[in-house]
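Text of final08.txt (compact mmCIF, C-alpha atoms) as supplied:
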# COMPACT_ATOMS: atom_id res chain seq x y z
CA MET A 1 67.74 56.69 113.48
CA ILE A 2 68.74 58.31 110.24
CA ASN A 3 70.47 61.61 110.69
CA TYR A 4 68.71 63.78 108.14
CA TYR A 5 70.76 66.79 108.96
CA SER A 6 74.28 65.44 108.72
CA PHE A 7 76.61 68.30 108.04
CA GLY A 8 78.23 66.47 105.13
CA ARG A 9 75.12 66.95 103.00
CA ILE A 10 74.83 70.59 103.88
CA LEU A 11 78.49 71.09 102.99
CA ILE A 12 78.17 69.30 99.64
CA THR A 13 75.10 71.28 98.59
CA LEU A 14 76.83 74.51 99.57
CA ILE A 15 79.96 73.62 97.59
CA ILE A 16 77.82 72.84 94.54
CA ALA A 17 76.05 76.17 95.04
CA MET A 18 79.42 77.96 95.13
CA GLY A 19 80.36 76.25 91.89
CA MET A 20 77.09 77.38 90.32
CA LYS A 21 77.68 80.92 91.49
CA ILE A 22 80.86 81.16 89.40
CA ALA A 23 79.56 79.00 86.53
CA PRO A 24 80.90 80.09 83.12
CA ILE A 25 77.61 81.18 81.58
CA PRO A 26 77.74 83.52 78.59
CA PRO A 27 78.06 87.25 79.40
CA ALA A 28 74.57 88.03 78.11
CA LEU A 29 73.04 85.65 80.65
CA ALA A 30 75.44 86.45 83.51
CA PRO A 31 73.18 89.10 85.16
CA TYR A 32 70.47 86.45 85.52
CA ASN A 33 72.61 84.11 87.61
CA PRO A 34 71.05 84.16 91.08
CA ASP A 35 72.92 83.94 94.36
CA TRP A 36 72.79 80.15 94.72
CA VAL A 37 74.82 80.10 97.93
CA LEU A 38 72.29 82.32 99.69
CA LEU A 39 69.33 80.26 98.39
CA VAL A 40 70.88 77.06 99.71
CA LEU A 41 71.75 78.70 103.03
CA ILE A 42 68.17 79.94 103.38
CA TYR A 43 66.82 76.47 102.71
CA TRP A 44 69.01 74.86 105.32
CA SER A 45 68.31 77.54 107.89
CA LEU A 46 64.57 76.92 107.45
CA ALA A 47 64.80 73.13 107.34
CA ALA A 48 67.51 72.59 109.94
CA PRO A 49 67.83 75.73 112.07
CA GLU A 50 69.62 73.73 114.75
CA ARG A 51 72.41 72.85 112.31
CA VAL A 52 72.80 75.99 110.22
CA GLY A 53 73.08 79.18 112.17
CA ILE A 54 74.43 82.66 111.77
CA PHE A 55 77.95 81.39 112.30
CA HIS A 56 77.67 79.07 109.28
CA ALA A 57 76.17 81.82 107.18
CA TRP A 58 79.00 84.09 108.19
CA SER A 59 81.73 81.51 107.43
CA PHE A 60 80.29 80.67 104.04
CA GLY A 61 80.01 84.39 103.39
CA ILE A 62 83.74 84.71 104.05
CA LEU A 63 84.45 81.77 101.72
CA THR A 64 82.31 83.36 99.01
CA ASP A 65 84.22 86.61 99.49
CA VAL A 66 87.48 84.80 98.80
CA LEU A 67 86.04 82.84 95.89
CA THR A 68 84.72 85.91 94.12
CA GLY A 69 87.60 88.17 95.10
CA ARG A 70 85.64 90.68 97.17
CA LEU A 71 86.52 92.66 100.26
CA PHE A 72 86.50 90.40 103.28
CA GLY A 73 83.16 90.45 105.07
CA GLN A 74 80.97 91.67 102.25
CA TYR A 75 78.99 88.49 101.66
CA ALA A 76 79.51 87.52 105.31
CA LEU A 77 77.56 90.58 106.45
CA ALA A 78 74.76 90.14 103.91
CA TYR A 79 74.38 86.41 104.52
CA SER A 80 74.37 86.63 108.30
CA LEU A 81 71.67 89.32 108.28
CA VAL A 82 69.43 87.35 105.92
CA ILE A 83 69.94 84.09 107.81
CA TYR A 84 69.12 85.88 111.06
CA LEU A 85 65.75 86.85 109.58
CA CYS A 86 65.14 83.31 108.36
CA LEU A 87 66.03 81.77 111.71
CA ASN A 88 63.69 84.09 113.56
CA LEU A 89 60.80 83.40 111.20
CA HIS A 90 61.47 79.77 110.34
CA LYS A 91 58.50 78.36 112.28
CA ARG A 92 56.07 80.65 110.50
CA LEU A 93 57.75 80.28 107.11
CA ARG A 94 57.52 76.51 107.21
CA GLN A 95 53.71 76.78 107.34
CA PHE A 96 53.54 79.07 104.34
CA PRO A 97 52.60 77.76 100.89
CA ILE A 98 55.53 77.78 98.55
CA LEU A 99 54.44 80.88 96.66
CA GLN A 100 54.26 82.91 99.83
CA GLN A 101 57.68 81.57 100.75
CA ALA A 102 58.97 82.70 97.40
CA LEU A 103 57.78 86.22 98.16
CA PHE A 104 59.78 86.16 101.38
CA ILE A 105 62.80 84.84 99.46
CA PHE A 106 62.42 87.74 97.07
CA PHE A 107 62.84 90.21 99.92
CA CYS A 108 65.77 88.24 101.35
CA LEU A 109 67.63 88.25 98.03
CA LEU A 110 66.87 91.91 97.48
CA LEU A 111 68.12 92.79 100.96
CA SER A 112 71.41 90.95 100.36
CA GLN A 113 71.90 92.52 96.93
CA LEU A 114 71.31 96.01 98.29
CA LEU A 115 73.74 95.42 101.15
CA LEU A 116 76.37 94.15 98.72
CA PHE A 117 75.79 97.17 96.54
CA PHE A 118 76.23 99.64 99.38
CA ILE A 119 79.39 97.93 100.59
CA LYS A 120 80.80 97.89 97.08
CA ASN A 121 80.33 101.63 96.94
CA ILE A 122 82.88 102.03 99.73
CA LYS A 123 85.69 100.67 97.64
CA GLN A 124 84.82 101.74 94.14
CA THR A 125 82.23 103.65 92.21
CA ALA A 126 79.35 101.47 91.17
CA GLN A 127 76.24 102.56 89.42
CA MET A 128 72.86 101.40 90.63
CA ASP A 129 72.41 98.79 88.00
CA PRO A 130 68.97 97.46 87.04
CA SER A 131 70.61 94.06 86.64
CA ILE A 132 70.50 93.43 90.39
CA TRP A 133 66.73 93.02 89.97
CA LEU A 134 67.28 90.34 87.35
CA SER A 135 69.21 88.01 89.62
CA VAL A 136 66.76 88.64 92.47
CA ILE A 137 63.75 87.79 90.31
CA VAL A 138 65.39 84.74 88.77
CA GLY A 139 66.39 83.59 92.25
CA THR A 140 62.77 83.89 93.39
CA VAL A 141 61.53 81.95 90.37
CA PHE A 142 64.05 79.21 91.07
CA TRP A 143 63.13 78.93 94.76
CA PRO A 144 60.52 76.14 94.31
CA LEU A 145 63.08 74.14 92.35
CA VAL A 146 65.81 74.71 94.95
CA TYR A 147 63.32 73.78 97.66
CA THR A 148 62.37 70.53 95.94
CA VAL A 149 65.90 69.49 95.08
CA LEU A 150 67.27 70.24 98.54
CA ARG A 151 64.30 68.57 100.21
CA PHE A 152 65.14 65.50 98.18
CA ALA A 153 68.80 65.80 99.17
CA ARG A 154 67.81 66.14 102.81
CA LEU A 155 65.40 63.22 102.90
CA ALA A 156 67.32 60.83 100.66
CA LYS A 157 68.45 57.77 102.52
CA PRO A 158 72.08 58.08 103.60
CA ILE A 159 74.49 55.35 102.61
CA GLU A 160 74.82 52.80 105.43
CA THR A 161 78.40 52.66 106.51
CA ASP A 162 78.36 49.82 109.04
CA MET B 1 73.35 88.59 120.08
CA ARG B 2 75.02 86.27 117.57
CA LEU B 3 73.88 88.54 114.81
CA PHE B 4 75.52 91.42 116.60
CA VAL B 5 78.82 89.55 116.78
CA ALA B 6 78.61 88.52 113.12
CA VAL B 7 77.82 92.04 111.95
CA LEU B 8 80.60 93.53 114.06
CA ALA B 9 83.09 90.95 112.79
CA SER B 10 82.07 91.60 109.19
CA ILE B 11 82.42 95.34 109.55
CA ALA B 12 85.79 94.94 111.28
CA LEU B 13 87.02 92.70 108.45
CA LEU B 14 85.67 95.08 105.81
CA THR B 15 87.49 98.03 107.31
CA MET B 16 90.70 96.10 107.80
CA ASP B 17 90.69 94.71 104.29
CA HIS B 18 89.88 98.14 102.92
CA ILE B 19 92.73 99.98 104.60
CA SER B 20 95.54 97.41 104.80
CA VAL B 21 96.97 94.29 103.22
CA ARG B 22 97.27 92.48 106.52
CA LEU B 23 94.48 90.04 105.65
CA ASN B 24 96.16 88.79 102.49
CA PRO B 25 97.73 85.72 104.18
CA VAL B 26 94.25 84.69 105.38
CA ARG B 27 92.92 85.04 101.86
CA THR B 28 95.83 83.01 100.52
CA THR B 29 95.19 80.21 103.03
CA LEU B 30 91.47 80.07 102.29
CA SER B 31 92.07 80.14 98.56
CA HIS B 32 93.99 76.85 98.83
CA ALA B 33 90.65 75.29 99.73
CA LEU B 34 88.59 77.29 97.25
CA ASP B 35 90.70 77.24 94.10
CA PRO B 36 89.75 73.59 93.42
CA ILE B 37 86.15 74.81 93.00
CA LYS B 38 87.30 77.22 90.30
CA TYR B 39 89.20 74.48 88.51
CA MET B 40 86.29 72.06 88.83
CA VAL B 41 83.82 74.55 87.39
CA SER B 42 86.24 75.32 84.60
CA LEU B 43 86.83 71.64 83.84
CA PRO B 44 83.76 70.81 81.68
CA VAL B 45 84.42 73.74 79.37
CA GLU B 46 88.11 72.89 79.11
CA SER B 47 87.45 69.23 78.41
CA THR B 48 84.90 69.99 75.68
CA ARG B 49 87.44 72.28 74.10
CA ASN B 50 90.16 69.64 74.37
CA PHE B 51 87.82 67.04 72.94
CA ALA B 52 86.93 69.30 70.00
CA ALA B 53 90.64 69.83 69.40
CA SER B 54 91.42 66.13 69.51
CA VAL B 55 88.83 65.15 66.90
CA LYS B 56 89.97 67.72 64.33
CA SER B 57 90.51 66.12 60.98
CA TYR B 58 93.94 65.43 59.57
CA ASN B 59 93.38 67.83 56.69
CA THR B 60 92.40 70.71 58.96
CA LEU B 61 95.51 70.15 61.01
CA LYS B 62 97.71 70.00 57.93
CA GLU B 63 96.19 73.23 56.64
CA GLU B 64 96.61 74.90 60.03
CA ASN B 65 100.19 73.73 60.28
CA ARG B 66 101.02 75.14 56.87
CA LYS B 67 99.49 78.51 57.77
CA LEU B 68 101.36 78.63 61.06
CA ALA B 69 104.65 77.79 59.38
CA GLU B 70 104.09 80.64 56.93
CA ALA B 71 103.22 83.06 59.72
CA SER B 72 106.26 81.96 61.69
CA ALA B 73 108.55 82.53 58.71
CA ALA B 74 107.12 86.01 58.18
CA ASN B 75 107.53 86.81 61.88
CA LYS B 76 111.13 85.62 61.87
CA LEU B 77 111.90 87.89 58.96
CA ARG B 78 110.36 90.81 60.83
CA LEU B 79 112.37 89.92 63.93
CA LEU B 80 115.62 90.00 61.97
CA LYS B 81 114.95 93.60 61.14
CA TYR B 82 113.70 94.34 64.63
CA GLU B 83 116.97 93.24 66.20
CA ALA B 84 118.93 95.63 64.00
CA LEU B 85 116.48 98.40 64.85
CA GLU B 86 116.77 97.69 68.55
CA LYS B 87 120.56 97.96 68.43
CA GLU B 88 120.26 101.17 66.51
CA ASN B 89 117.77 102.51 69.04
CA ILE B 90 120.11 101.73 71.93
CA ARG B 91 122.97 103.49 70.12
CA LEU B 92 120.82 106.53 69.50
CA HIS B 93 119.71 106.61 73.11
CA ALA B 94 123.36 106.42 74.11
CA LEU B 95 124.05 109.48 71.98
CA LEU B 96 121.27 111.29 73.87
CA GLU B 97 122.76 109.97 77.12
CA ASN B 98 119.44 108.39 77.98
CA SER B 99 118.88 105.09 79.67
CA PHE B 100 117.07 102.51 77.65
CA LYS B 101 114.67 100.13 79.28
CA LEU B 102 114.05 96.75 77.82
CA GLY B 103 114.27 93.10 78.67
CA GLU B 104 110.81 91.82 79.52
CA GLN B 105 109.98 88.25 80.32
CA VAL B 106 106.63 86.61 79.76
CA LEU B 107 104.75 83.67 81.20
CA VAL B 108 101.87 82.15 79.27
CA ALA B 109 98.71 81.67 81.33
CA GLU B 110 95.30 80.39 80.43
CA LEU B 111 91.92 81.84 81.26
CA LEU B 112 89.76 79.87 83.67
CA SER B 113 86.15 79.53 82.55
CA VAL B 114 84.54 81.06 85.61
CA ASN B 115 82.56 84.23 86.26
CA ILE B 116 83.99 85.41 89.53
CA ALA B 117 82.91 89.03 89.44
CA SER B 118 79.53 90.53 88.77
CA PRO B 119 78.83 91.01 85.06
CA TYR B 120 79.54 94.75 84.90
CA GLU B 121 82.96 94.36 86.49
CA LYS B 122 85.58 93.08 84.10
CA ILE B 123 87.65 90.77 86.26
CA VAL B 124 88.70 87.34 85.02
CA ALA B 125 90.59 84.43 86.59
CA ILE B 126 93.72 82.83 85.12
CA ASN B 127 95.45 79.59 86.00
CA LYS B 128 98.84 80.91 87.16
CA GLY B 129 99.45 82.30 90.62
CA THR B 130 102.12 83.19 93.14
CA ARG B 131 103.61 79.71 92.81
CA PHE B 132 104.81 80.84 89.39
CA GLY B 133 106.06 84.12 90.80
CA VAL B 134 103.07 86.16 89.66
CA HIS B 135 102.53 89.28 91.75
CA GLN B 136 100.16 92.20 91.92
CA GLN B 137 100.13 94.91 89.25
CA GLN B 138 101.89 92.92 86.58
CA MET B 139 100.85 93.73 83.05
CA VAL B 140 98.89 91.08 81.17
CA VAL B 141 98.93 91.09 77.36
CA ASP B 142 97.73 88.89 74.55
CA ALA B 143 99.14 88.61 71.04
CA LYS B 144 97.49 91.88 69.96
CA GLY B 145 97.79 94.27 72.85
CA VAL B 146 97.40 95.05 76.54
CA VAL B 147 94.67 93.07 78.31
CA GLY B 148 94.91 94.34 81.88
CA GLN B 149 96.84 93.94 85.07
CA ILE B 150 97.04 91.38 87.88
CA TYR B 151 94.54 92.56 90.45
CA ARG B 152 95.12 89.88 93.04
CA ALA B 153 97.58 86.99 92.99
CA LEU B 154 96.54 83.83 94.83
CA PRO B 155 98.69 80.67 95.07
CA HIS B 156 97.05 78.68 92.28
CA SER B 157 95.20 81.32 90.32
CA SER B 158 95.12 85.08 89.90
CA GLU B 159 92.52 87.69 89.16
CA VAL B 160 93.11 89.99 86.21
CA MET B 161 91.38 93.35 85.93
CA LEU B 162 90.80 94.14 82.27
CA ILE B 163 91.50 97.63 80.91
CA THR B 164 87.79 98.01 80.14
CA ASP B 165 86.76 97.72 83.80
CA PRO B 166 85.09 100.98 84.93
CA ASN B 167 87.56 101.20 87.82
CA HIS B 168 90.68 100.75 85.71
CA ALA B 169 92.83 103.49 84.19
CA ILE B 170 95.92 103.10 82.05
CA PRO B 171 98.39 105.84 81.07
CA VAL B 172 98.65 105.93 77.29
CA GLN B 173 100.29 107.93 74.56
CA VAL B 174 99.21 108.57 70.99
CA ASN B 175 101.72 106.72 68.84
CA ARG B 176 101.62 109.33 66.08
CA ASN B 177 102.62 112.40 68.10
CA GLY B 178 103.37 111.29 71.67
CA LEU B 179 100.34 113.02 73.22
CA LEU B 180 99.94 111.73 76.78
CA THR B 181 96.61 110.95 78.38
CA ILE B 182 94.84 108.38 80.51
CA ALA B 183 92.43 105.78 79.17
CA VAL B 184 89.71 104.77 81.58
CA GLY B 185 87.45 101.74 81.22
CA SER B 186 83.77 102.36 80.74
CA SER B 187 80.49 100.65 81.42
CA GLN B 188 80.04 100.08 77.70
CA PRO B 189 81.45 96.75 76.64
CA ASN B 190 84.88 96.84 74.99
CA LYS B 191 85.31 100.63 75.02
CA LEU B 192 87.83 102.96 76.64
CA THR B 193 87.10 106.62 77.42
CA PHE B 194 89.37 109.65 77.88
CA PRO B 195 88.01 111.91 80.62
CA TYR B 196 91.23 113.97 80.92
CA LEU B 197 91.63 114.94 77.29
CA GLN B 198 91.78 118.64 76.43
CA GLU B 199 89.29 120.21 74.06
CA ASN B 200 91.90 120.98 71.41
CA ALA B 201 93.94 117.79 71.78
CA ASP B 202 95.50 116.52 68.57
CA ILE B 203 93.83 113.16 68.25
CA HIS B 204 92.31 111.59 65.17
CA PRO B 205 90.08 108.61 64.46
CA GLY B 206 92.24 105.52 63.87
CA ASP B 207 95.17 106.71 66.02
CA LEU B 208 97.01 103.89 67.76
CA LEU B 209 97.42 104.33 71.51
CA ILE B 210 100.38 102.69 73.22
CA THR B 211 101.35 102.43 76.88
CA SER B 212 103.36 105.47 77.91
CA GLY B 213 105.26 103.78 80.75
CA LEU B 214 104.31 106.56 83.16
CA GLY B 215 103.03 105.38 86.50
CA GLY B 216 105.37 102.40 86.43
CA THR B 217 102.81 99.61 86.22
CA PHE B 218 102.76 99.16 82.47
CA PRO B 219 106.04 98.96 80.54
CA GLN B 220 106.30 101.44 77.70
CA GLY B 221 105.40 100.77 74.10
CA TYR B 222 102.69 98.09 74.08
CA PRO B 223 99.63 98.75 71.88
CA VAL B 224 96.49 99.42 73.92
CA ALA B 225 93.66 100.63 71.71
CA ARG B 226 92.66 102.30 68.50
CA VAL B 227 90.61 105.52 68.53
CA ASP B 228 87.07 105.12 67.18
CA ASN B 229 85.40 107.37 64.66
CA PHE B 230 84.08 110.65 66.03
CA THR B 231 83.11 114.05 64.70
CA PRO B 232 86.05 116.44 65.34
CA PRO B 233 84.74 119.03 67.85
CA ALA B 234 83.40 116.41 70.25
CA ASN B 235 86.62 115.56 72.08
CA LYS B 236 84.74 114.69 75.26
CA GLN B 237 83.00 111.74 73.69
CA ILE B 238 86.07 110.09 72.21
CA THR B 239 86.19 106.37 72.71
CA ALA B 240 88.70 103.73 71.69
CA THR B 241 88.49 100.00 71.09
CA PRO B 242 91.18 97.83 72.70
CA THR B 243 93.43 96.09 70.19
CA ALA B 244 93.58 93.00 72.39
CA GLU B 245 90.76 90.51 71.92
CA LEU B 246 89.47 90.87 75.45
CA ASP B 247 86.46 88.63 75.04
CA ARG B 248 88.01 85.99 72.83
CA SER B 249 91.63 85.28 73.68
CA ARG B 250 92.17 82.42 76.07
CA GLU B 251 95.96 82.45 76.14
CA LEU B 252 97.29 85.47 77.99
CA MET B 253 100.85 86.48 78.75
CA ILE B 254 101.97 87.87 82.08
CA VAL B 255 104.86 90.28 81.68
CA TRP B 256 107.79 90.78 84.02
CA SER B 257 109.38 94.07 83.23
CA ASN B 258 113.00 94.64 84.00
CA LYS B 259 113.03 97.81 86.07
CA ALA B 260 116.81 98.30 85.91
CA PRO B 261 117.90 100.13 82.78
CA ILE B 262 120.48 98.36 80.66
CA SER B 263 123.80 100.06 81.04
CA LEU B 264 124.97 101.91 77.98
CA THR B 265 128.65 101.51 78.74
CA ALA B 266 128.62 97.96 77.45
CA GLU B 267 127.29 99.19 74.15
CA LYS B 268 129.53 102.21 73.84
CA PRO B 269 132.50 102.12 76.19
CA ALA B 270 133.86 105.38 74.84
CA ALA B 271 130.71 107.39 75.39
CA GLN B 272 131.14 108.40 79.03
CA PRO B 273 134.42 107.04 80.35
CA THR B 274 135.54 109.92 82.53
CA GLU B 275 132.32 110.54 84.47
CA PRO B 276 133.41 109.17 87.88
CA GLU B 277 136.86 110.69 87.80
CA HIS B 278 135.56 114.22 87.69
CA ASN B 279 134.06 113.89 91.12
CA GLN B 280 137.04 112.48 92.90
CA PRO B 281 139.51 115.29 93.41
C-alpha cells encoding of this file:
Amino acid sequence: MINYYSFGRILITLIIAMGMKIAPIPPALAPYNPDWVLLVLIYWSLAAPERVGIFHAWSFGILTDVLTGRLFGQYALAYSLVIYLCLNLHKRLRQFPILQQALFIFFCLLLSQLLLFFIKNIKQTAQMDPSIWLSVIVGTVFWPLVYTVLRFARLAKPIETD
Amino acid sequence: MRLFVAVLASIALLTMDHISVRLNPVRTTLSHALDPIKYMVSLPVESTRNFAASVKSYNTLKEENRKLAEASAANKLRLLKYEALEKENIRLHALLENSFKLGEQVLVAELLSVNIASPYEKIVAINKGTRFGVHQQQMVVDAKGVVGQIYRALPHSSEVMLITDPNHAIPVQVNRNGLLTIAVGSSQPNKLTFPYLQENADIHPGDLLITSGLGGTFPQGYPVARVDNFTPPANKQITATPTAELDRSRELMIVWSNKAPISLTAEKPAAQPTEPEHNQP
C-alpha cells in the first residue's frame, strides 16, 4: 500500500512554506505575504490528523520563531492553538465546501495574528496595524490554491525505492 | 491535554527568553538547521544579480573602472590630509590631557535577500555571523553613514536592527554645535524623530547629526542623519533622514571599536612623565 502520509512529504512542504514566509518580496507587497507555514500546517492537520498533531505544530512554531528572530514560543503558541481547533473540527471541516473552509481558515489566521500581536506587545511597543488584516485576507484567498497543491502533493505517487 | 502542555511550554519559553539569555545556545543550535533556508531563499536574487553583473558590456566596465580609479585617487588625496589632521588631533587632545579613542576595524558583510521580520519592523539579515566574530550590539555602517546595530548574532548569519526601527534609539550630536539628543526610529519609512528635544533647542534644517559615543554602543563621530526642513517653532515635529542608504545598500560594514584609549605617552613622552612618582612617597 502506498503511504500517502509519509512524513518526508509533510516536512518538504513545510520547509518550502518556511522559505515562502521569508521570501524577498518588495516592501510594498510585504504586508500581503500570508503565513504560509500555518496554512500548510492546517492542511496537513485536516488531511492527516494522525500524522500532524499539536506537537508538530509546536515544533514548527519554534523553528519559525528562530527563523524570523522572534521570542521563543511566540509562533509555537499561536500554531498549537490553531492546530488544536483544526484537529477537533477536522471531521466536520472535511465535509465543508471549499468556500466554507476558507471562512474557517480566515478565523484561524486572524486568531494566530492576534495572538502574535499580543505577545509582541510584551517585548516592544507595537501599534495595532491594519496590515495584519491584509495577510489574513490574502491567506484566505490563497487557501483553495494551497488546498489543491497540497492535495496533489499528498496524492502524487511516491517514487518506488525497491 | 496536549494543548495544555503546548501552551504551558510556549509560555514558559516566552518568559524565559524575555528575561534571560539562557536560551541563546538553543537558538544557535536550531539556526544551524535553519540558516540554509535563508541562504536558499536568497539564492535566486543573488544569482540574478551575479548574472546581470557578468553580462555587463566591456565598455560599461571600462567606464566604471575609470570612474572608480578617479574616485580612489580623490579619496587617497583626502586621506593624506586626514592622517595629518588625525595626528594633530591626538596632539591637541594630549595638551588637554584627554584620552583619544580611535582604531576601529571593519568587516564587510552582505545583505541576505530575505524578509525575516514583519514589514513595519526594520530588521534585516546579513551573511556574517559569530563564526566571523560578530557579536551583539556592534555598529553596522555603509559607505554613507550608520545603518544600525547587530540585534542578534547567529553562527552563519546575523540580524541587524536598522536605526529607523520604531524600537531603536541612537544617541546623536549635532555636528555644528555639539548639541546632544537621542534619535528614535519612527513608523514612517526612512525617518528619525527626536522625542527628547527641548523647545528652544538650537537645531536647524540641514544640520548633520553624528554619533555622540554616549551609551557605548556606537563609536563617536559617524554621520547618522540630516535634519529635514521644518518651520522653526515646531521643534516637536522635527524629523531627519538617515545619510546611509538603508533601502539600497547591499554591502554593509560591521565595526569593531577599540574600547581601550590609545596611550598619549607614546605620542608625547614629555607630557606627563612624573605622574606615578608623585604617589609613591
With 6 Å as the limit and counting all atoms listed in the file, what residues in chain A lie close to chain B? Please list them as a PDB file with C-alpha atoms, in the coordinates of the input.
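Saved as selection16.pdb:
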ATOM      1  CA  GLY A  19      80.360  76.250  91.890  1.00  0.00           C
ATOM      2  CA  ILE A  22      80.860  81.160  89.400  1.00  0.00           C
ATOM      3  CA  ALA A  23      79.560  79.000  86.530  1.00  0.00           C
ATOM      4  CA  PRO A  24      80.900  80.090  83.120  1.00  0.00           C
ATOM      5  CA  ALA A  30      75.440  86.450  83.510  1.00  0.00           C
ATOM      6  CA  PRO A  31      73.180  89.100  85.160  1.00  0.00           C
ATOM      7  CA  THR A  68      84.720  85.910  94.120  1.00  0.00           C
ATOM      8  CA  PHE A  72      86.500  90.400 103.280  1.00  0.00           C
ATOM      9  CA  GLY A  73      83.160  90.450 105.070  1.00  0.00           C
ATOM     10  CA  LEU A  77      77.560  90.580 106.450  1.00  0.00           C
TER      11      LEU A  77
END
8 Å per side around region 27-43 of chain A: axis-aligned box centre and edge lengths, as lines of an AutoDock Vina configuration file:
center_x = 72.4
center_y = 82.8
center_z = 90.7
size_x = 27.2
size_y = 28.6
size_z = 41.3
task = Find the residues near region 106-111 of chain A: any atom within 7 Å, counting all atoms listed in the file, skip ones fewer than 4 places away on the same chain, and give them as a list of chain:residue names.
result = A:Val82, A:Ala102, A:Leu115, A:Val136, A:Ile137, A:Thr140
May I have the protein, DNA and RNA residues with any atom at most 10 Å from the point (96.2, 98.4, 81.1), counting all atoms listed in the file, written as an mmCIF file with C-alpha atoms, in the coordinates of the input?
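Output contents, as saved in result_5.cif:
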data_model
loop_
_atom_site.group_PDB
_atom_site.id
_atom_site.type_symbol
_atom_site.label_atom_id
_atom_site.label_comp_id
_atom_site.auth_asym_id
_atom_site.auth_seq_id
_atom_site.Cartn_x
_atom_site.Cartn_y
_atom_site.Cartn_z
ATOM 1 C CA GLN B 137 100.130 94.910 89.250
ATOM 2 C CA GLN B 138 101.890 92.920 86.580
ATOM 3 C CA MET B 139 100.850 93.730 83.050
ATOM 4 C CA VAL B 140 98.890 91.080 81.170
ATOM 5 C CA VAL B 141 98.930 91.090 77.360
ATOM 6 C CA GLY B 145 97.790 94.270 72.850
ATOM 7 C CA VAL B 146 97.400 95.050 76.540
ATOM 8 C CA VAL B 147 94.670 93.070 78.310
ATOM 9 C CA GLY B 148 94.910 94.340 81.880
ATOM 10 C CA GLN B 149 96.840 93.940 85.070
ATOM 11 C CA ILE B 150 97.040 91.380 87.880
ATOM 12 C CA MET B 161 91.380 93.350 85.930
ATOM 13 C CA LEU B 162 90.800 94.140 82.270
ATOM 14 C CA ILE B 163 91.500 97.630 80.910
ATOM 15 C CA THR B 164 87.790 98.010 80.140
ATOM 16 C CA ASP B 165 86.760 97.720 83.800
ATOM 17 C CA HIS B 168 90.680 100.750 85.710
ATOM 18 C CA ALA B 169 92.830 103.490 84.190
ATOM 19 C CA ILE B 170 95.920 103.100 82.050
ATOM 20 C CA PRO B 171 98.390 105.840 81.070
ATOM 21 C CA VAL B 172 98.650 105.930 77.290
ATOM 22 C CA ALA B 183 92.430 105.780 79.170
ATOM 23 C CA VAL B 184 89.710 104.770 81.580
ATOM 24 C CA GLY B 185 87.450 101.740 81.220
ATOM 25 C CA ILE B 210 100.380 102.690 73.220
ATOM 26 C CA THR B 211 101.350 102.430 76.880
ATOM 27 C CA THR B 217 102.810 99.610 86.220
ATOM 28 C CA PHE B 218 102.760 99.160 82.470
ATOM 29 C CA PRO B 219 106.040 98.960 80.540
ATOM 30 C CA TYR B 222 102.690 98.090 74.080
ATOM 31 C CA PRO B 223 99.630 98.750 71.880
ATOM 32 C CA VAL B 224 96.490 99.420 73.920
ATOM 33 C CA ALA B 225 93.660 100.630 71.710
ATOM 34 C CA PRO B 242 91.180 97.830 72.700
#
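Nearest to Ser135 (chain A) of all the residues A:Lys21, A:His56, A:Arg51, A:Arg151 is A:Lys21, based on all atoms listed in the file.
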query = Using only C-alpha atoms, which of the listed residues (B:Asn50, B:Gln237, B:Asn89, B:Ser186) sits closest to Glu199 (chain B)?
reply =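 Smallest distance to Glu199 (chain B) is found for B:Gln237.
Minimum atom-to-atom distance to Ser20 (chain B), evaluated using only C-alpha atoms, belongs to A:Leu71 out of A:Ile15, A:Leu85, A:Tyr79, A:Leu71.
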ask   = Do you have the CA of Leu114 (chain A)-CA of Ser45 (chain A) distance handy?
value =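 Here the two named atoms are 21.0 Å from each other.
The shortest atom-to-atom distance to Gly69 (chain A), with all atoms listed in the file taken into account, belongs to B:Val160 out of B:Asn75, B:Glu104, B:Val160, B:Ala84.
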task = State, in Å with one decimal place, the distance from CA of Val108 (chain B) to CA of Lys128 (chain B).
result =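 Between these atoms lies a distance of 8.5 Å.
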task = Compare B:Leu111, B:Ala201, B:Val174, B:Ala71 by their minimum atom-to-atom distance to Ile254 (chain B), counting all atoms listed in the file, and give me the closest one.
result = B:Leu111
ask   = Smallest atom-to-atom distance to Asn33 (chain A): which of A:Pro144, A:Ala153, A:Phe96, A:Leu134, using all atoms listed in the file?
value =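 For Asn33 (chain A), the nearest of the given residues is A:Leu134.
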request  = Select, counting all atoms listed in the file, all protein, DNA and RNA residues no farther than 10 Å from (63.2, 80.0, 93.5) in file coordinates, and express the selection as a VMD selection string.
outcome  = chain A and resid 34 36 39 98 to 99 101 to 103 105 to 106 136 to 148
request  = Please indicate the distance in Å from CA of Gly53 (chain A) to CA of Ser131 (chain A), rounded to one decimal place.
outcome  =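 CA of Ser131 (chain A) lies 29.7 Å from CA of Gly53 (chain A).
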task = Please provide the set of residues having any atom within 10 Å of Leu107 (chain B), restricted to all atoms listed in the file, with same-chain residues fewer than 3 positions apart removed, written as a count of residues only.
result = 10
Can you take the partial region 22-27 of chain A, add N, CA and C atoms, and return it as a PDB file, in the coordinates of the input?
ATOM      1  N   ILE A  22      79.824  80.689  90.318  1.00  0.00           N
ATOM      2  CA  ILE A  22      80.860  81.160  89.400  1.00  0.00           C
ATOM      3  C   ILE A  22      80.816  80.414  88.074  1.00  0.00           C
ATOM      4  N   ALA A  23      79.658  79.784  87.763  1.00  0.00           N
ATOM      5  CA  ALA A  23      79.560  79.000  86.530  1.00  0.00           C
ATOM      6  C   ALA A  23      79.827  79.868  85.299  1.00  0.00           C
ATOM      7  N   PRO A  24      80.526  79.308  84.300  1.00  0.00           N
ATOM      8  CA  PRO A  24      80.900  80.090  83.120  1.00  0.00           C
ATOM      9  C   PRO A  24      79.748  80.251  82.139  1.00  0.00           C
ATOM     10  N   ILE A  25      78.700  80.959  82.524  1.00  0.00           N
ATOM     11  CA  ILE A  25      77.610  81.180  81.580  1.00  0.00           C
ATOM     12  C   ILE A  25      77.945  82.378  80.713  1.00  0.00           C
ATOM     13  N   PRO A  26      77.382  82.434  79.498  1.00  0.00           N
ATOM     14  CA  PRO A  26      77.740  83.520  78.590  1.00  0.00           C
ATOM     15  C   PRO A  26      77.413  84.894  79.179  1.00  0.00           C
ATOM     16  N   PRO A  27      78.192  85.921  78.799  1.00  0.00           N
ATOM     17  CA  PRO A  27      78.060  87.250  79.400  1.00  0.00           C
ATOM     18  C   PRO A  27      76.655  87.827  79.312  1.00  0.00           C
TER      19      PRO A  27
END
